[in-house]
$ cat target.txt   # compact mmCIF, C-alpha atoms
# COMPACT_ATOMS: atom_id res chain seq x y z
CA PRO K 203 0.00 0.00 0.00
CA GLY K 204 1.01 3.59 -0.44
CA PHE K 205 1.17 3.72 -4.22
CA PHE K 206 -1.74 4.09 -6.63
CA PRO K 207 -1.94 1.38 -9.35
CA ILE K 208 -1.17 3.19 -12.58
CA ASN K 209 -4.43 2.14 -14.22
CA LYS K 210 -6.51 3.36 -11.25
CA ALA K 211 -4.66 6.51 -10.35
CA ALA K 212 -6.48 9.38 -8.69
CA PRO K 213 -6.46 12.70 -10.57
CA HIS K 214 -3.87 14.30 -8.28
CA SER K 215 -1.81 11.19 -7.61
CA THR K 216 1.86 10.85 -8.39
CA SER K 217 1.29 7.68 -10.37
CA SER K 218 -1.21 9.36 -12.69
CA PHE K 219 1.55 11.84 -13.49
CA MET K 220 4.17 9.12 -13.79
CA SER K 221 1.99 7.15 -16.20
CA SER K 222 2.08 10.02 -18.71
CA SER K 223 5.53 11.50 -18.09
CA ALA K 224 9.09 10.23 -18.32
CA VAL K 225 10.79 9.21 -15.08
CA LYS K 226 14.38 8.57 -14.13
CA SER K 227 15.73 5.24 -12.95
CA ASP K 228 15.33 6.42 -9.33
CA GLY K 229 11.59 6.95 -9.84
CA MET K 230 11.69 10.74 -9.84
CA PRO K 231 10.44 12.87 -12.76
CA LEU K 232 12.79 13.35 -15.69
CA MET K 233 13.40 17.09 -15.80
CA THR K 234 14.17 18.91 -19.04
CA PRO K 235 17.38 20.94 -19.41
CA GLU K 236 15.26 24.11 -19.33
CA GLU K 237 13.63 23.08 -16.06
CA LEU K 238 16.97 22.27 -14.49
CA ALA K 239 18.44 25.58 -15.67
CA SER K 240 15.58 27.52 -14.08
CA SER K 241 15.90 25.75 -10.74
CA LYS K 242 17.89 28.43 -8.97
CA PRO K 243 16.90 31.24 -6.61
CA GLN K 244 15.58 34.38 -8.31
CA PRO K 245 15.68 37.07 -5.60
CA MET K 246 14.18 39.83 -7.73
CA LYS K 247 11.25 37.67 -8.79
CA THR K 248 10.61 36.67 -5.19
CA LEU K 249 10.84 40.28 -4.01
CA THR K 250 8.46 41.37 -6.76
CA MET K 251 5.90 38.75 -5.74
CA MET K 252 6.20 39.67 -2.09
CA GLY K 253 5.99 43.37 -2.92
CA ALA K 254 2.82 42.88 -4.96
CA ALA K 255 1.23 40.86 -2.14
CA THR K 256 2.19 43.55 0.37
CA ALA K 257 0.72 46.28 -1.83
CA ILE K 258 -2.58 44.43 -2.19
CA GLY K 259 -2.79 43.62 1.50
CA THR K 260 -1.94 47.16 2.57
CA SER K 261 -4.50 48.65 0.19
CA ILE K 262 -7.24 46.49 1.69
CA ALA K 263 -5.92 47.24 5.19
CA PHE K 264 -6.13 50.97 4.56
CA GLY K 265 -9.77 50.62 3.62
CA LEU K 266 -10.49 48.50 6.69
CA SER K 267 -8.70 50.97 8.94
CA PHE K 268 -10.79 53.81 7.52
CA PHE K 269 -14.07 52.04 8.28
CA THR K 270 -13.05 50.67 11.69
CA THR K 271 -11.33 53.73 13.17
CA SER K 272 -12.86 54.78 16.49
CA PRO K 273 -11.92 56.98 19.45
CA ALA K 274 -10.23 53.91 20.93
CA THR K 275 -8.12 53.64 17.78
CA GLU K 276 -7.01 57.24 18.11
CA ARG K 277 -6.10 56.69 21.75
CA ALA K 278 -4.07 53.62 20.84
CA ILE K 279 -2.19 55.59 18.18
CA SER K 280 -1.58 58.40 20.69
CA VAL K 281 -0.12 55.99 23.24
CA ALA K 282 2.00 54.28 20.57
CA ALA K 283 3.30 57.68 19.46
CA GLU K 284 4.09 58.66 23.05
CA TYR K 285 6.33 55.62 23.38
CA ASN K 286 7.66 55.91 19.82
CA LEU K 287 6.44 52.44 18.85
CA ALA K 288 6.45 52.90 15.08
CA PRO K 289 9.77 50.98 14.85
CA LEU K 290 8.18 48.13 16.82
CA PHE K 291 5.31 47.93 14.34
CA LEU K 292 7.76 47.88 11.45
CA SER K 293 9.81 45.19 13.19
CA GLY K 294 6.76 42.93 13.22
CA VAL K 295 6.28 43.38 9.48
CA VAL K 296 9.96 42.73 8.80
CA LEU K 297 9.75 39.50 10.81
CA ALA K 298 6.65 38.39 8.89
CA LYS K 299 8.31 39.11 5.55
CA ALA K 300 11.46 37.24 6.58
CA VAL K 301 9.33 34.20 7.41
CA ALA K 302 7.66 34.48 4.01
CA TRP K 303 11.03 34.73 2.27
CA VAL K 304 12.48 31.58 3.83
CA ASN K 305 9.31 29.72 2.85
CA PHE K 306 9.55 30.87 -0.77
CA TYR K 307 13.28 30.22 -1.14
CA PRO K 308 13.22 26.38 -1.42
CA LEU K 309 10.64 26.56 -4.23
CA ALA K 310 13.37 27.52 -6.69
CA TYR K 311 15.16 24.22 -6.10
CA LYS K 312 11.87 22.33 -6.04
CA SER K 313 11.31 23.28 -9.68
CA GLY K 314 14.40 21.25 -10.58
CA VAL K 315 13.28 18.17 -8.65
CA MET K 316 9.61 17.81 -9.58
CA LYS K 317 7.28 19.28 -12.17
CA ARG K 318 4.29 21.55 -11.59
CA LYS K 319 2.08 18.66 -12.69
CA SER K 320 3.76 16.08 -10.45
CA GLY K 321 0.62 15.72 -8.35
CA ASN K 322 0.96 14.58 -4.77
CA LEU K 323 4.69 14.12 -5.21
CA ARG K 324 4.88 17.87 -4.59
CA ALA K 325 3.68 17.31 -1.02
CA ASN K 326 7.13 15.91 -0.18
CA MET K 327 9.25 18.36 1.81
CA HIS K 328 12.28 16.08 1.63
CA VAL K 329 13.53 13.44 -0.80
CA TYR K 330 15.42 10.55 0.79
CA LYS K 331 17.57 7.88 -0.78
CA VAL K 332 17.79 4.16 -0.05
CA LEU K 333 21.09 3.25 1.59
CA SER K 334 23.24 0.82 -0.34
CA SER K 335 26.40 -1.05 0.58
CA GLU K 336 27.76 -0.15 -2.84
CA ASN K 337 29.34 3.18 -3.61
CA GLU K 338 26.31 4.15 -5.66
CA ASP K 339 25.86 7.41 -7.52
CA GLU K 340 23.34 9.31 -5.38
CA SER K 341 21.57 10.63 -8.47
CA LYS K 342 20.74 7.02 -9.44
CA ALA K 343 19.89 5.68 -5.98
CA ALA K 344 16.24 4.76 -5.42
CA LYS K 345 14.39 7.63 -3.74
CA VAL K 346 11.94 7.46 -0.83
CA VAL K 347 8.83 9.64 -0.85
CA LEU K 348 5.55 9.84 1.07
CA CYS K 349 2.81 7.27 0.66
CA GLU K 350 -0.18 8.91 -0.98
CA ASP K 351 -2.84 6.20 -1.17
CA GLY K 352 -5.78 5.79 1.20
CA ASN K 353 -5.58 6.90 4.80
CA GLU K 354 -1.78 6.85 4.71
CA GLY K 355 -1.81 9.50 2.02
CA LYS K 356 -4.47 11.59 3.73
CA TYR K 357 -2.53 11.42 6.99
CA ASN K 358 0.67 12.54 5.26
CA ARG K 359 -0.97 15.42 3.44
CA ALA K 360 -2.91 16.58 6.51
CA ASN K 361 0.38 16.73 8.39
CA ARG K 362 2.02 18.54 5.47
CA SER K 363 -0.62 21.23 5.86
CA LEU K 364 0.05 21.34 9.60
CA THR K 365 3.78 21.72 8.95
CA HIS K 366 3.09 24.56 6.54
CA LEU K 367 1.12 26.30 9.28
CA THR K 368 3.99 25.97 11.75
CA GLU K 369 6.37 27.30 9.09
CA THR K 370 4.40 30.53 8.80
CA ILE K 371 2.71 31.00 12.18
CA ALA K 372 5.41 33.18 13.78
CA GLY K 373 4.83 36.12 11.48
CA GLN K 374 1.07 35.72 11.73
CA VAL K 375 1.06 35.78 15.53
CA ILE K 376 3.30 38.84 15.79
CA THR K 377 1.39 40.92 13.24
CA THR K 378 -1.97 39.86 14.68
CA LEU K 379 -0.96 41.06 18.15
CA LEU K 380 0.43 44.36 16.86
CA ALA K 381 -2.49 45.07 14.54
CA GLY K 382 -5.02 44.04 17.17
CA VAL K 383 -3.82 46.69 19.61
CA VAL K 384 -4.85 49.44 17.17
CA TYR K 385 -7.48 47.81 14.94
CA PRO K 386 -9.07 44.99 16.96
CA THR K 387 -12.23 44.61 14.86
CA ALA K 388 -10.43 44.56 11.52
CA THR K 389 -7.89 42.14 12.97
CA LEU K 390 -10.67 39.83 14.12
CA VAL K 391 -12.16 39.77 10.62
CA CYS K 392 -8.76 38.93 9.14
CA THR K 393 -8.10 36.25 11.75
CA ILE K 394 -11.42 34.57 10.96
CA GLY K 395 -10.49 34.65 7.27
CA TRP K 396 -7.03 33.25 8.01
CA ALA K 397 -8.42 30.46 10.21
CA THR K 398 -11.02 29.54 7.58
CA GLY K 399 -8.34 29.42 4.92
CA ARG K 400 -6.08 27.19 7.00
CA ILE K 401 -8.91 24.72 7.64
CA MET K 402 -9.79 24.69 3.93
CA HIS K 403 -6.10 24.18 3.13
CA GLN K 404 -5.81 21.13 5.35
CA CYS K 405 -9.12 19.52 4.40
CA GLY K 406 -8.55 20.04 0.68
CA TYR K 407 -4.99 18.75 0.84
CA ALA K 408 -5.90 15.67 2.86
CA GLU K 409 -9.11 14.64 1.12
CA LYS K 410 -8.48 15.54 -2.52
CA GLY K 411 -4.72 15.90 -2.82
CA TYR K 412 -2.26 18.43 -4.15
CA GLY K 413 -3.90 21.40 -5.82
CA SER K 414 -7.10 21.23 -3.80
CA HIS K 415 -5.44 23.22 -1.03
CA GLY K 416 -5.02 26.23 -3.29
CA THR K 417 -8.20 28.12 -2.37
CA GLY K 418 -7.45 27.83 1.34
CA PHE K 419 -3.86 28.91 0.76
CA ALA K 420 -5.00 31.99 -1.17
CA LEU K 421 -7.53 32.99 1.49
CA SER K 422 -5.16 32.56 4.43
CA THR K 423 -2.33 34.34 2.58
CA LEU K 424 -4.57 37.28 1.71
CA ALA K 425 -5.71 37.54 5.34
CA SER K 426 -2.08 37.48 6.50
CA GLU K 427 -1.13 40.23 4.07
CA VAL K 428 -4.02 42.40 5.20
CA VAL K 429 -2.99 42.01 8.85
CA SER K 430 0.57 43.00 7.92
CA GLY K 431 -0.94 45.94 6.07
CA LEU K 432 -2.83 47.00 9.19
CA VAL K 433 0.46 47.03 11.07
CA LEU K 434 2.03 49.19 8.35
CA VAL K 435 -0.90 51.61 8.54
CA ALA K 436 -0.54 51.74 12.32
CA ALA K 437 3.20 52.35 11.97
CA ALA K 438 2.62 55.23 9.54
CA LYS K 439 -0.02 56.87 11.71
CA THR K 440 2.13 56.43 14.81
CA ALA K 441 5.13 57.98 13.06
CA MET K 442 3.05 60.95 11.94
CA ALA K 443 1.62 61.41 15.42
CA THR K 444 5.11 61.23 16.94
CA GLU K 445 6.25 64.15 14.84

$ encode --input "target.txt" --output "structure tokens"
Amino acid sequence: PGFFPINKAAPHSTSSFMSSSAVKSDGMPLMTPEELASSKPQPMKTLTMMGAATAIGTSIAFGLSFFTTSPATERAISVAAEYNLAPLFLSGVVLAKAVAWVNFYPLAYKSGVMKRKSGNLRANMHVYKVLSSENEDESKAAKVVLCEDGNEGKYNRANRSLTHLTETIAGQVITTLLAGVVYPTATLVCTIGWATGRIMHQCGYAEKGYGSHGTGFALSTLASEVVSGLVLVAAAKTAMATE
């Protein structure tokens, strides 16, 4: 158990991909020279993606801050300005963006190991090799990946979603606390959206396989970016009030 029979493969399964694509002797996808050449970090591309996400999130956050501003908000800004806390707000955003960066970075190498259409194979965070007593070329050694069939596969993918949450939770917690001090109602709305997205991410990943987690990922990511945007808005207003 753990591998789909090729003639009964599920739509997102690795074996359905393997049945229609070339594979190497170690069982991994055969990558084209172009794919291998592109499998290297592209800092500017990553920064552009992160910048676009920040711009979208901050734009939404500005609108939310406008509609949820209250006398309590103004008092919070006044206190933050008194203690010159704008740098603290910015520190939270920097931390969140650093967490995002280190999550994006491995994807460059991933593109040289498995294809975009590799199905559930893409749920693997690590690729192991089978030990051999011979001095075998590692590139040809049989590889070990996650089981994806039945409950074993669902268990693995549910835990992959959990691991993804733990990879990103630090930035979310910090920005939620900082934003919540100034914009509690808007932060609550975003947190509900983030929590809903994470649940959708896990359920989709576990039950239907790779690709079905996308909607939940998009929702939770958008909510995270809006919370970071709220912190940026708070930092700007605090800085202006400090002056």

$ residues_near_point --input "target.txt" --point "(15.1, 6.5, -8.0)" --cutoff "9 Å" --atoms "all atoms listed in the file" --output "JSON, numbers by chain"
{"K": [225, 226, 227, 228, 229, 230, 331, 332, 341, 342, 343, 344, 345, 346]}

$ closest_atom_pairs --input "target.txt" --of "range 227-276 of chain K" --to "range 410-430 of chain K" --cutoff "6 Å" --atoms "all atoms listed in the file" --output "JSON lines"
{"residue": "K:Thr256", "atom": "CA", "partner": "K:Glu427", "partner_atom": "CA", "distance": 6.0}
{"residue": "K:Gly259", "atom": "CA", "partner": "K:Val428", "partner_atom": "CA", "distance": 4.1}
{"residue": "K:Thr260", "atom": "CA", "partner": "K:Val428", "partner_atom": "CA", "distance": 5.8}
{"residue": "K:Ala263", "atom": "CA", "partner": "K:Val428", "partner_atom": "CA", "distance": 5.2}

$ residues_around --input "target.txt" --residues "range 238-244 of chain K" --least-positions-apart "5" --cutoff "6 Å" --atoms "only C-alpha atoms" --output "ChimeraX atom specification"
/K:310-311,313-314

$ residues_around --input "target.txt" --residues "Leu434 in chain K" --least-positions-apart "3" --cutoff "12 Å" --atoms "all atoms listed in the file" --output "number ranges by chain"
K: 256-257, 259-264, 267, 287-296, 298, 377-378, 380-381, 384-385, 427-431, 437-441

$ closest_residue --input "target.txt" --among "K:Ile376, K:Met252, K:Ala388, K:Ala408" --to "Ala325 in chain K" --atoms "all atoms listed in the file"
K:Ala408

$ closest_residue --input "target.txt" --among "K:Lys317, K:Arg324, K:His403, K:His366" --to "Ala302 in chain K" --atoms "all atoms listed in the file"
K:His366

$ closest_residue --input "target.txt" --among "K:Asn286, K:Thr250, K:Asn305, K:Thr271" --to "Thr370 in chain K" --atoms "all atoms listed in the file"
K:Asn305

$ closest_residue --input "target.txt" --among "K:Thr248, K:Asn353, K:Thr393, K:Leu364" --to "Ala300 in chain K" --atoms "only C-alpha atoms"
K:Thr248

$ atom_distance --input "target.txt" --atom1 "CA of Leu432 in chain K" --atom2 "CA of Leu249 in chain K"
20.2 Å

$ build_atoms --input "target.txt" --residues "range 247-281 of chain K" --atoms "N, CA and C atoms" --output "PDB file, in the frame of the given file"
ATOM      1  N   LYS K 247      12.585  38.200  -8.535  1.00  0.00           N
ATOM      2  CA  LYS K 247      11.250  37.670  -8.790  1.00  0.00           C
ATOM      3  C   LYS K 247      10.508  37.458  -7.481  1.00  0.00           C
ATOM      4  N   THR K 248      11.219  36.907  -6.500  1.00  0.00           N
ATOM      5  CA  THR K 248      10.610  36.670  -5.190  1.00  0.00           C
ATOM      6  C   THR K 248      10.221  37.994  -4.534  1.00  0.00           C
ATOM      7  N   LEU K 249      11.123  38.966  -4.591  1.00  0.00           N
ATOM      8  CA  LEU K 249      10.840  40.280  -4.010  1.00  0.00           C
ATOM      9  C   LEU K 249       9.661  40.949  -4.705  1.00  0.00           C
ATOM     10  N   THR K 250       9.568  40.783  -6.016  1.00  0.00           N
ATOM     11  CA  THR K 250       8.460  41.370  -6.760  1.00  0.00           C
ATOM     12  C   THR K 250       7.130  40.757  -6.334  1.00  0.00           C
ATOM     13  N   MET K 251       7.113  39.427  -6.195  1.00  0.00           N
ATOM     14  CA  MET K 251       5.900  38.750  -5.740  1.00  0.00           C
ATOM     15  C   MET K 251       5.504  39.197  -4.347  1.00  0.00           C
ATOM     16  N   MET K 252       6.480  39.260  -3.460  1.00  0.00           N
ATOM     17  CA  MET K 252       6.200  39.670  -2.090  1.00  0.00           C
ATOM     18  C   MET K 252       5.753  41.135  -2.041  1.00  0.00           C
ATOM     19  N   GLY K 253       6.370  41.968  -2.879  1.00  0.00           N
ATOM     20  CA  GLY K 253       5.990  43.370  -2.920  1.00  0.00           C
ATOM     21  C   GLY K 253       4.572  43.561  -3.413  1.00  0.00           C
ATOM     22  N   ALA K 254       4.181  42.793  -4.431  1.00  0.00           N
ATOM     23  CA  ALA K 254       2.820  42.880  -4.960  1.00  0.00           C
ATOM     24  C   ALA K 254       1.814  42.442  -3.903  1.00  0.00           C
ATOM     25  N   ALA K 255       2.137  41.346  -3.191  1.00  0.00           N
ATOM     26  CA  ALA K 255       1.230  40.860  -2.140  1.00  0.00           C
ATOM     27  C   ALA K 255       1.104  41.886  -1.021  1.00  0.00           C
ATOM     28  N   THR K 256       2.215  42.523  -0.672  1.00  0.00           N
ATOM     29  CA  THR K 256       2.190  43.550   0.370  1.00  0.00           C
ATOM     30  C   THR K 256       1.347  44.748  -0.049  1.00  0.00           C
ATOM     31  N   ALA K 257       1.479  45.140  -1.320  1.00  0.00           N
ATOM     32  CA  ALA K 257       0.720  46.280  -1.830  1.00  0.00           C
ATOM     33  C   ALA K 257      -0.787  46.004  -1.794  1.00  0.00           C
ATOM     34  N   ILE K 258      -1.162  44.795  -2.201  1.00  0.00           N
ATOM     35  CA  ILE K 258      -2.580  44.430  -2.190  1.00  0.00           C
ATOM     36  C   ILE K 258      -3.111  44.391  -0.762  1.00  0.00           C
ATOM     37  N   GLY K 259      -2.360  43.728   0.107  1.00  0.00           N
ATOM     38  CA  GLY K 259      -2.790  43.620   1.500  1.00  0.00           C
ATOM     39  C   GLY K 259      -2.889  44.968   2.184  1.00  0.00           C
ATOM     40  N   THR K 260      -1.933  45.843   1.928  1.00  0.00           N
ATOM     41  CA  THR K 260      -1.940  47.160   2.570  1.00  0.00           C
ATOM     42  C   THR K 260      -3.071  48.032   2.038  1.00  0.00           C
ATOM     43  N   SER K 261      -3.386  47.895   0.763  1.00  0.00           N
ATOM     44  CA  SER K 261      -4.500  48.650   0.190  1.00  0.00           C
ATOM     45  C   SER K 261      -5.817  48.268   0.854  1.00  0.00           C
ATOM     46  N   ILE K 262      -6.024  46.966   1.020  1.00  0.00           N
ATOM     47  CA  ILE K 262      -7.240  46.490   1.690  1.00  0.00           C
ATOM     48  C   ILE K 262      -7.226  46.935   3.154  1.00  0.00           C
ATOM     49  N   ALA K 263      -6.056  46.851   3.779  1.00  0.00           N
ATOM     50  CA  ALA K 263      -5.920  47.240   5.190  1.00  0.00           C
ATOM     51  C   ALA K 263      -6.262  48.711   5.387  1.00  0.00           C
ATOM     52  N   PHE K 264      -5.844  49.548   4.444  1.00  0.00           N
ATOM     53  CA  PHE K 264      -6.130  50.970   4.560  1.00  0.00           C
ATOM     54  C   PHE K 264      -7.637  51.219   4.538  1.00  0.00           C
ATOM     55  N   GLY K 265      -8.321  50.497   3.662  1.00  0.00           N
ATOM     56  CA  GLY K 265      -9.770  50.620   3.620  1.00  0.00           C
ATOM     57  C   GLY K 265     -10.427  50.149   4.908  1.00  0.00           C
ATOM     58  N   LEU K 266      -9.947  49.018   5.423  1.00  0.00           N
ATOM     59  CA  LEU K 266     -10.490  48.500   6.690  1.00  0.00           C
ATOM     60  C   LEU K 266     -10.227  49.470   7.838  1.00  0.00           C
ATOM     61  N   SER K 267      -9.032  50.047   7.859  1.00  0.00           N
ATOM     62  CA  SER K 267      -8.700  50.970   8.940  1.00  0.00           C
ATOM     63  C   SER K 267      -9.589  52.208   8.893  1.00  0.00           C
ATOM     64  N   PHE K 268      -9.942  52.633   7.684  1.00  0.00           N
ATOM     65  CA  PHE K 268     -10.790  53.810   7.520  1.00  0.00           C
ATOM     66  C   PHE K 268     -12.189  53.560   8.094  1.00  0.00           C
ATOM     67  N   PHE K 269     -12.712  52.361   7.843  1.00  0.00           N
ATOM     68  CA  PHE K 269     -14.070  52.040   8.280  1.00  0.00           C
ATOM     69  C   PHE K 269     -14.154  51.573   9.733  1.00  0.00           C
ATOM     70  N   THR K 270     -13.020  51.192  10.309  1.00  0.00           N
ATOM     71  CA  THR K 270     -13.050  50.670  11.690  1.00  0.00           C
ATOM     72  C   THR K 270     -12.371  51.594  12.686  1.00  0.00           C
ATOM     73  N   THR K 271     -11.947  52.766  12.253  1.00  0.00           N
ATOM     74  CA  THR K 271     -11.330  53.730  13.170  1.00  0.00           C
ATOM     75  C   THR K 271     -12.368  54.254  14.162  1.00  0.00           C
ATOM     76  N   SER K 272     -11.972  54.317  15.411  1.00  0.00           N
ATOM     77  CA  SER K 272     -12.860  54.780  16.490  1.00  0.00           C
ATOM     78  C   SER K 272     -12.043  55.627  17.454  1.00  0.00           C
ATOM     79  N   PRO K 273     -12.691  56.247  18.431  1.00  0.00           N
ATOM     80  CA  PRO K 273     -11.920  56.980  19.450  1.00  0.00           C
ATOM     81  C   PRO K 273     -10.875  56.106  20.132  1.00  0.00           C
ATOM     82  N   ALA K 274     -11.199  54.831  20.315  1.00  0.00           N
ATOM     83  CA  ALA K 274     -10.230  53.910  20.930  1.00  0.00           C
ATOM     84  C   ALA K 274      -9.007  53.753  20.040  1.00  0.00           C
ATOM     85  N   THR K 275      -9.236  53.746  18.731  1.00  0.00           N
ATOM     86  CA  THR K 275      -8.120  53.640  17.780  1.00  0.00           C
ATOM     87  C   THR K 275      -7.199  54.846  17.909  1.00  0.00           C
ATOM     88  N   GLU K 276      -7.807  56.021  17.985  1.00  0.00           N
ATOM     89  CA  GLU K 276      -7.010  57.240  18.110  1.00  0.00           C
ATOM     90  C   GLU K 276      -6.215  57.264  19.414  1.00  0.00           C
ATOM     91  N   ARG K 277      -6.822  56.753  20.467  1.00  0.00           N
ATOM     92  CA  ARG K 277      -6.100  56.690  21.750  1.00  0.00           C
ATOM     93  C   ARG K 277      -4.924  55.722  21.664  1.00  0.00           C
ATOM     94  N   ALA K 278      -5.146  54.606  20.995  1.00  0.00           N
ATOM     95  CA  ALA K 278      -4.070  53.620  20.840  1.00  0.00           C
ATOM     96  C   ALA K 278      -2.910  54.216  20.050  1.00  0.00           C
ATOM     97  N   ILE K 279      -3.224  54.943  18.987  1.00  0.00           N
ATOM     98  CA  ILE K 279      -2.190  55.590  18.180  1.00  0.00           C
ATOM     99  C   ILE K 279      -1.443  56.627  19.016  1.00  0.00           C
ATOM    100  N   SER K 280      -2.196  57.368  19.844  1.00  0.00           N
ATOM    101  CA  SER K 280      -1.580  58.400  20.690  1.00  0.00           C
ATOM    102  C   SER K 280      -0.600  57.788  21.680  1.00  0.00           C
ATOM    103  N   VAL K 281      -1.004  56.673  22.292  1.00  0.00           N
ATOM    104  CA  VAL K 281      -0.120  55.990  23.240  1.00  0.00           C
ATOM    105  C   VAL K 281       1.110  55.437  22.526  1.00  0.00           C
TER     106      VAL K 281
END
